[in-house]
$ cat my_file.txt   # compact mmCIF, C-alpha atoms
# COMPACT_ATOMS: atom_id res chain seq x y z
CA MET A 1 0.00 0.00 0.00
CA LYS A 2 1.30 3.44 -0.92
CA PRO A 3 1.87 5.95 1.95
CA GLU A 4 -0.78 8.32 0.59
CA ASP A 5 -3.29 5.44 0.42
CA GLN A 6 -2.46 4.46 4.00
CA LYS A 7 -3.12 8.02 5.16
CA GLU A 8 -6.47 8.02 3.38
CA VAL A 9 -7.53 4.74 5.01
CA ASP A 10 -6.50 5.94 8.50
CA SER A 11 -8.48 9.15 7.99
CA ASP A 12 -11.55 7.20 6.91
CA ASP A 13 -11.31 4.90 9.94
CA THR A 14 -11.12 7.86 12.32
CA ALA A 15 -14.07 9.57 10.65
CA GLY A 16 -15.97 6.28 10.68
CA ARG A 17 -15.53 5.87 14.44
CA LEU A 18 -16.69 9.45 14.98
CA LEU A 19 -19.84 8.99 12.88
CA ASN A 20 -20.61 5.69 14.61
CA GLN A 21 -20.42 7.42 17.99
CA LEU A 22 -22.69 10.24 16.80
CA GLU A 23 -25.22 7.66 15.61
CA GLU A 24 -25.09 5.82 18.95
CA ASP A 25 -25.60 9.10 20.84
CA GLY A 26 -28.54 10.07 18.64
CA VAL A 27 -26.81 13.24 17.41
CA LYS A 28 -27.91 14.78 14.12
CA TYR A 29 -24.84 15.73 12.10
CA GLY A 30 -23.65 17.26 8.88
CA VAL A 31 -19.99 16.64 8.05
CA THR A 32 -18.09 17.88 5.01
CA VAL A 33 -16.51 14.83 3.36
CA ASP A 34 -13.17 14.66 1.60
CA GLN A 35 -13.62 13.98 -2.09
CA ASP A 36 -11.44 10.91 -2.32
CA LYS A 37 -11.69 8.36 -5.11
CA ALA A 38 -14.68 6.58 -3.53
CA VAL A 39 -16.66 9.79 -3.01
CA LYS A 40 -15.90 10.99 -6.54
CA LEU A 41 -17.06 7.63 -7.89
CA THR A 42 -20.30 7.89 -5.90
CA ILE A 43 -20.92 11.41 -7.20
CA GLY A 44 -20.18 10.29 -10.75
CA LEU A 45 -22.90 7.61 -10.51
CA ILE A 46 -25.66 10.12 -9.69
CA PRO A 47 -28.06 10.17 -12.68
CA ASP A 48 -28.42 13.50 -14.49
CA GLY A 49 -32.14 13.48 -13.78
CA ASP A 50 -31.54 13.52 -10.01
CA TRP A 51 -29.87 16.94 -10.04
CA LYS A 52 -32.39 19.66 -9.11
CA GLU A 53 -32.13 23.42 -8.67
CA PRO A 54 -33.45 24.48 -5.22
CA GLU A 55 -34.63 27.71 -6.86
CA ARG A 56 -34.82 28.44 -10.54
CA GLY A 57 -31.72 30.32 -11.70
CA CYS A 58 -29.87 29.97 -8.35
CA GLY A 59 -26.74 28.77 -10.15
CA HIS A 60 -26.30 25.39 -8.49
CA GLU A 61 -27.96 21.98 -8.26
CA LEU A 62 -28.42 19.49 -5.44
CA ALA A 63 -28.75 15.71 -5.33
CA GLU A 64 -28.69 12.83 -2.85
CA ALA A 65 -26.48 9.76 -2.89
CA VAL A 66 -25.65 6.80 -0.66
CA HIS A 67 -22.01 6.24 0.27
CA CYS A 68 -20.17 3.68 2.37
CA MET A 69 -17.12 4.77 4.40
CA ASN A 70 -14.50 2.56 6.04
CA GLY A 71 -15.37 1.89 9.66
CA THR A 72 -18.99 3.02 9.61
CA LYS A 73 -21.71 0.60 10.69
CA LYS A 74 -24.25 1.94 8.20
CA ALA A 75 -24.24 3.65 4.82
CA LEU A 76 -24.09 7.43 4.78
CA CYS A 77 -26.44 9.79 3.01
CA LEU A 78 -24.61 12.41 0.98
CA VAL A 79 -26.02 15.78 0.05
CA VAL A 80 -24.06 16.88 -3.01
CA LYS A 81 -23.96 20.36 -4.50
CA ARG A 82 -22.56 21.07 -7.95
CA GLU A 83 -21.82 24.30 -9.79
CA ILE A 84 -20.58 24.93 -13.30
CA ARG A 85 -16.93 25.94 -13.47
CA ARG A 86 -16.56 29.46 -14.80
CA GLN A 87 -13.73 30.47 -17.16
CA ARG A 88 -12.28 26.96 -17.22
CA GLU A 89 -9.75 28.01 -19.82
CA LEU A 90 -7.94 30.05 -17.14
CA PHE A 91 -7.34 27.10 -14.82
CA GLU A 92 -5.90 23.64 -15.22
CA GLN A 93 -8.91 21.84 -13.79
CA GLU A 94 -10.81 18.88 -15.13
CA GLY A 95 -14.55 18.50 -15.39
CA GLN A 96 -17.46 20.76 -16.15
CA TYR A 97 -18.55 21.05 -12.51
CA PHE A 98 -17.04 21.40 -9.08
CA TYR A 99 -18.69 19.57 -6.21
CA TYR A 100 -19.30 19.94 -2.49
CA ALA A 101 -20.51 16.96 -0.45
CA VAL A 102 -21.92 16.68 3.09
CA ALA A 103 -22.56 13.42 4.94
CA THR A 104 -25.66 13.64 7.12
CA ASN A 105 -28.36 11.69 8.91
CA TRP A 106 -30.86 14.57 8.79
CA LEU A 107 -32.46 13.28 5.59
CA GLU A 108 -33.92 10.42 7.59
CA GLU A 109 -36.16 13.01 9.24
CA GLU A 110 -38.04 15.98 7.80
CA LYS A 111 -35.27 18.03 6.21
CA ASN A 112 -34.67 18.06 2.47
CA THR A 113 -31.32 18.52 0.73
CA GLU A 114 -31.52 22.32 0.63
CA GLU A 115 -32.43 22.59 4.32
CA VAL A 116 -29.60 20.24 5.30
CA LEU A 117 -27.08 22.33 3.36
CA LYS A 118 -28.30 25.61 4.88
CA TRP A 119 -28.14 24.09 8.36
CA HIS A 120 -24.65 22.74 7.72
CA ASN A 121 -23.42 26.12 6.49
CA GLN A 122 -24.31 27.71 9.83
CA ARG A 123 -20.96 26.44 11.12
CA ARG A 124 -19.51 29.53 9.45
CA GLN A 125 -21.14 31.55 12.22
CA ALA A 126 -18.75 30.11 14.81
CA GLU A 127 -16.68 33.31 14.97
CA ASN A 128 -19.83 35.34 15.59
CA PHE A 129 -20.78 33.00 18.46
CA ASN A 130 -17.33 33.41 20.00
CA LYS A 131 -17.61 37.18 19.61
CA GLU A 132 -21.01 37.18 21.32
CA LEU A 133 -19.63 35.15 24.24
CA LYS A 134 -16.69 37.52 24.69
CA ILE A 135 -18.46 40.84 24.27
CA GLY A 136 -21.93 39.98 25.55
CA LEU A 137 -20.72 38.49 28.83
CA GLY A 138 -17.55 40.49 29.40
CA MET A 139 -15.15 37.66 28.58
CA GLU A 140 -12.69 39.77 26.57
CA ARG A 141 -10.11 39.53 29.35
CA MET A 142 -9.62 37.31 32.37
CA PRO A 143 -9.87 38.73 35.90
CA CYS A 144 -6.46 37.68 37.23
CA GLY A 145 -3.19 35.92 36.49
CA GLN A 146 -4.11 32.55 38.03
CA SER A 147 -4.94 29.91 35.43
CA TYR A 148 -7.36 27.88 37.57
CA ALA A 149 -9.28 30.96 38.70
CA ASN A 150 -9.51 32.17 35.11
CA ALA A 151 -10.72 28.73 34.02
CA VAL A 152 -13.55 28.85 36.57
CA PHE A 153 -14.44 32.37 35.47
CA PHE A 154 -14.54 31.31 31.82
CA ARG A 155 -16.60 28.19 32.52
CA ILE A 156 -19.17 30.26 34.39
CA GLY A 157 -19.34 32.57 31.37
CA VAL A 158 -19.88 29.63 28.99
CA ILE A 159 -22.64 28.21 31.22
CA ALA A 160 -24.32 31.62 31.32
CA TYR A 161 -24.08 31.89 27.53
CA ASN A 162 -25.58 28.42 27.02
CA LEU A 163 -28.42 29.24 29.41
CA PHE A 164 -29.08 32.42 27.44
CA ILE A 165 -29.21 30.49 24.16
CA GLY A 166 -31.59 27.95 25.71
CA PHE A 167 -33.81 30.71 27.10
CA LYS A 168 -33.87 32.48 23.74
CA ARG A 169 -34.79 29.34 21.80
CA LEU A 170 -37.26 27.81 24.24
CA SER A 171 -39.02 30.77 25.84
CA CYS A 172 -38.81 33.71 23.44
CA PRO A 173 -40.66 34.40 20.18
CA GLU A 174 -39.03 33.33 16.93
CA SER A 175 -38.48 36.97 15.91
CA TRP A 176 -36.02 37.30 18.82
CA MET A 177 -33.76 34.42 17.72
CA LYS A 178 -31.17 36.73 16.15
CA HIS A 179 -31.08 39.16 19.06
CA THR A 180 -27.73 39.57 20.79
CA ILE A 181 -27.26 39.70 24.55
CA ALA A 182 -26.97 43.49 24.33
CA THR A 183 -30.29 43.69 22.49
CA PHE A 184 -31.93 41.48 25.13
CA ARG A 185 -30.66 43.77 27.86
CA TRP A 186 -32.12 46.77 26.03
CA LYS A 187 -35.50 45.17 25.25
CA MET A 188 -36.05 43.13 28.42
CA VAL A 189 -33.81 44.15 31.30
CA GLN A 190 -33.42 47.88 30.79
CA VAL A 191 -37.12 48.58 31.16
CA ALA A 192 -38.30 51.32 33.47
CA GLY A 193 -40.46 50.15 36.36
CA ARG A 194 -40.90 50.09 40.09
CA ILE A 195 -41.92 47.66 42.81
CA VAL A 196 -44.94 48.78 44.87
CA LYS A 197 -47.18 47.28 47.51
CA HIS A 198 -50.86 47.28 46.62
CA ALA A 199 -53.75 45.59 48.46
CA GLY A 200 -51.33 43.59 50.57
CA GLU A 201 -49.43 42.29 47.53
CA ILE A 202 -46.07 43.24 46.05
CA VAL A 203 -46.52 44.32 42.42
CA LEU A 204 -44.02 45.17 39.70
CA LYS A 205 -45.21 48.07 37.55
CA LEU A 206 -43.54 48.42 34.15
CA MET A 207 -43.57 51.45 31.86
CA ILE A 208 -44.45 49.53 28.70
CA ASP A 209 -47.37 49.31 26.27
CA LEU A 210 -49.92 46.49 26.21
CA GLU A 211 -48.25 44.69 23.29
CA LYS A 212 -44.93 44.42 25.09
CA LEU A 213 -46.65 43.38 28.31
CA GLU A 214 -48.34 40.47 26.49
CA LEU A 215 -44.95 39.55 25.02
CA PHE A 216 -43.34 39.45 28.48
CA GLN A 217 -46.24 37.41 29.86
CA GLY A 218 -45.84 34.89 27.04
CA ILE A 219 -42.11 34.54 27.77
CA ARG A 220 -42.83 34.13 31.48
CA LYS A 221 -45.47 31.48 30.80
CA ARG A 222 -43.18 29.43 28.53
CA SER A 223 -40.35 29.66 31.06
CA PHE A 224 -42.69 28.43 33.81
CA GLU A 225 -43.86 25.51 31.66
CA LEU A 226 -40.23 24.43 31.20
CA SER A 227 -39.82 24.22 34.98
CA ILE A 228 -42.73 21.81 35.42
CA CYS A 229 -41.62 18.21 35.85
CA PRO A 230 -43.44 16.10 33.17
CA ASP A 231 -44.00 13.10 35.49
CA ARG A 232 -45.85 15.10 38.12
$ encode --input "my_file.txt" --output "structure tokens"
Amino acid sequence: MKPEDQKEVDSDDTAGRLLNQLEEDGVKYGVTVDQDKAVKLTIGLIPDGDWKEPERGCGHELAEAVHCMNGTKKALCLVVKREIRRQRELFEQEGQYFYYAVATNWLEEEKNTEEVLKWHNQRRQAENFNKELKIGLGMERMPCGQSYANAVFFRIGVIAYNLFIGFKRLSCPESWMKHTIATFRWKMVQVAGRIVKHAGEIVLKLMIDLEKLELFQGIRKRSFELSICPDR
């Protein structure tokens, strides 16, 4: 076996073990696959009639294929995207199209090829998530020069960020999904109000209109429902 072939096999085995573990854990995944000889062969066997444009005139086509990888316990579903190569005379490249392939188990559920690809491409937002963690929760710099103390501080910040994401997704309206922590503070926390005692009860009075009050009540209701134990 040639050294480059050995490297390819080792890579496939590692990826195979990872995908097997994801399947066992019930994790939905989308993984960009290397276009080795086997993947290229699989793509080449896709019938021309299977390629579909998600939207007319979008400039690319999508198709599904089944692929087997070394080390995996089940066949993989590939979402393949192809685009026509532009100005091929300027580059020493073969083929009319260039391809992009993603291995996924989402297609076993409700998502189609276009939705899987859009979901997979969200990984490009990783830098924005890191930026939100740093700026939104004051994690730009650590509080001291002790590594363990800084590690605790950072972990608390990550837990707070994850709780915020969970609260935003599970309790807030869909229109708030793209709101940053700063926007949440402005819309929800930095609201004028006062605590008063009325008829023997403590009441929070907020300086907001009826529409925003109904929005806050809806968020509060959904948050309360999440705290109810289902087996009670």
$ atom_distance --input "my_file.txt" --atom1 "atom CA of A:Tyr29" --atom2 "atom CA of A:Thr104"
5.5 Å
$ axis_aligned_box --input "my_file.txt" --around "stretch 195-206 of chain A" --padding-each-side "3 Å" --output "AutoDock Vina command-line options"
--center_x -47.8 --center_y 45.5 --center_z 42.4 --size_x 17.8 --size_y 12.5 --size_z 22.4
$ residues_around --input "my_file.txt" --residues "A:Leu78" --least-positions-apart "2" --cutoff "9 Å" --atoms "all atoms listed in the file" --output "ChimeraX atom specification"
/A:33,63-67,76,80,101-105
$ closest_residue --input "my_file.txt" --among "A:Trp176, A:Phe184, A:Trp106, A:Phe224" --to "A:Trp119" --atoms "all atoms listed in the file"
A:Trp106
$ closest_residue --input "my_file.txt" --among "A:Ala192, A:Lys221, A:Tyr99, A:Leu170" --to "A:Asp209" --atoms "all atoms listed in the file"
A:Ala192
$ atom_distance --input "my_file.txt" --atom1 "atom CA of A:Lys187" --atom2 "atom CA of A:Gly218"
14.7 Å
$ atom_distance --input "my_file.txt" --atom1 "atom CA of A:Gln35" --atom2 "atom CA of A:Tyr100"
8.2 Å
$ closest_residue --input "my_file.txt" --among "A:Val39, A:Ile181, A:Leu19, A:Cys144" --to "A:Ile165" --atoms "all atoms listed in the file"
A:Ile181
$ closest_residue --input "my_file.txt" --among "A:Lys40, A:Asp50, A:Met177, A:Arg185" --to "A:Phe98" --atoms "all atoms listed in the file"
A:Lys40
$ residues_around --input "my_file.txt" --residues "A:Gly16" --least-positions-apart "4" --cutoff "7 Å" --atoms "only C-alpha atoms" --output "ChimeraX atom specification"
/A:12,20,69-72
$ write_last_selection --input "my_file.txt" --atoms "C-alpha atoms" --output "compact mmCIF listing (two decimals), in the coordinates of the input"
# COMPACT_ATOMS: atom_id res chain seq x y z
CA ASP A 12 -11.55 7.20 6.91
CA ASN A 20 -20.61 5.69 14.61
CA MET A 69 -17.12 4.77 4.40
CA ASN A 70 -14.50 2.56 6.04
CA GLY A 71 -15.37 1.89 9.66
CA THR A 72 -18.99 3.02 9.61
$ closest_residue --input "my_file.txt" --among "A:Val152, A:Ile219, A:Ala160, A:Val116" --to "A:Leu133" --atoms "all atoms listed in the file"
A:Ala160
$ residues_near_point --input "my_file.txt" --point "(-31.7, 17.5, -0.2)" --cutoff "8 Å" --atoms "only C-alpha atoms" --output "list in words"
Leu62, Ala63, Glu64, Val79, Leu107, Lys111, Asn112, Thr113, Glu114, Glu115, Val116 and Leu117 of chain A
$ closest_residue --input "my_file.txt" --among "A:Glu55, A:Thr14, A:Phe167, A:Pro143" --to "A:Ser227" --atoms "all atoms listed in the file"
A:Phe167
$ residues_around --input "my_file.txt" --residues "A:Ala182" --least-positions-apart "6" --cutoff "12 Å" --atoms "all atoms listed in the file" --output "MDAnalysis selection string"
chainID A and resid 132:138 164 188:190
$ build_atoms --input "my_file.txt" --residues "stretch 67-84 of chain A" --atoms "N, CA and C atoms" --output "compact mmCIF listing (two decimals), keeping the file's coordinate frame"
# COMPACT_ATOMS: atom_id res chain seq x y z
N HIS A 67 -23.45 6.51 0.31
CA HIS A 67 -22.01 6.24 0.27
C HIS A 67 -21.61 5.42 1.48
N CYS A 68 -20.70 4.50 1.28
CA CYS A 68 -20.17 3.68 2.37
C CYS A 68 -18.74 4.12 2.68
N MET A 69 -18.46 4.33 3.96
CA MET A 69 -17.12 4.77 4.40
C MET A 69 -16.51 3.69 5.28
N ASN A 70 -15.19 3.54 5.21
CA ASN A 70 -14.50 2.56 6.04
C ASN A 70 -14.78 2.82 7.52
N GLY A 71 -15.19 1.78 8.22
CA GLY A 71 -15.37 1.89 9.66
C GLY A 71 -16.77 2.23 10.10
N THR A 72 -17.64 2.67 9.21
CA THR A 72 -18.99 3.02 9.61
C THR A 72 -19.87 1.77 9.62
N LYS A 73 -20.83 1.76 10.54
CA LYS A 73 -21.71 0.60 10.69
C LYS A 73 -22.91 0.66 9.74
N LYS A 74 -23.14 1.81 9.13
CA LYS A 74 -24.25 1.94 8.20
C LYS A 74 -23.84 2.88 7.07
N ALA A 75 -24.54 2.77 5.95
CA ALA A 75 -24.24 3.65 4.82
C ALA A 75 -24.60 5.08 5.15
N LEU A 76 -23.86 6.01 4.55
CA LEU A 76 -24.09 7.43 4.78
C LEU A 76 -24.94 8.02 3.67
N CYS A 77 -25.69 9.03 4.02
CA CYS A 77 -26.44 9.79 3.01
C CYS A 77 -25.63 11.04 2.68
N LEU A 78 -25.35 11.24 1.42
CA LEU A 78 -24.61 12.41 0.98
C LEU A 78 -25.54 13.42 0.35
N VAL A 79 -25.40 14.66 0.75
CA VAL A 79 -26.02 15.78 0.05
C VAL A 79 -24.92 16.42 -0.79
N VAL A 80 -25.11 16.42 -2.09
CA VAL A 80 -24.06 16.88 -3.01
C VAL A 80 -24.55 18.12 -3.74
N LYS A 81 -23.68 19.12 -3.78
CA LYS A 81 -23.96 20.36 -4.50
C LYS A 81 -22.98 20.47 -5.66
N ARG A 82 -23.46 20.88 -6.83
CA ARG A 82 -22.56 21.07 -7.95
C ARG A 82 -22.83 22.41 -8.61
N GLU A 83 -21.75 23.04 -9.06
CA GLU A 83 -21.82 24.30 -9.79
C GLU A 83 -20.95 24.22 -11.03
N ILE A 84 -21.36 24.92 -12.06
CA ILE A 84 -20.58 24.93 -13.30
C ILE A 84 -19.31 25.74 -13.09
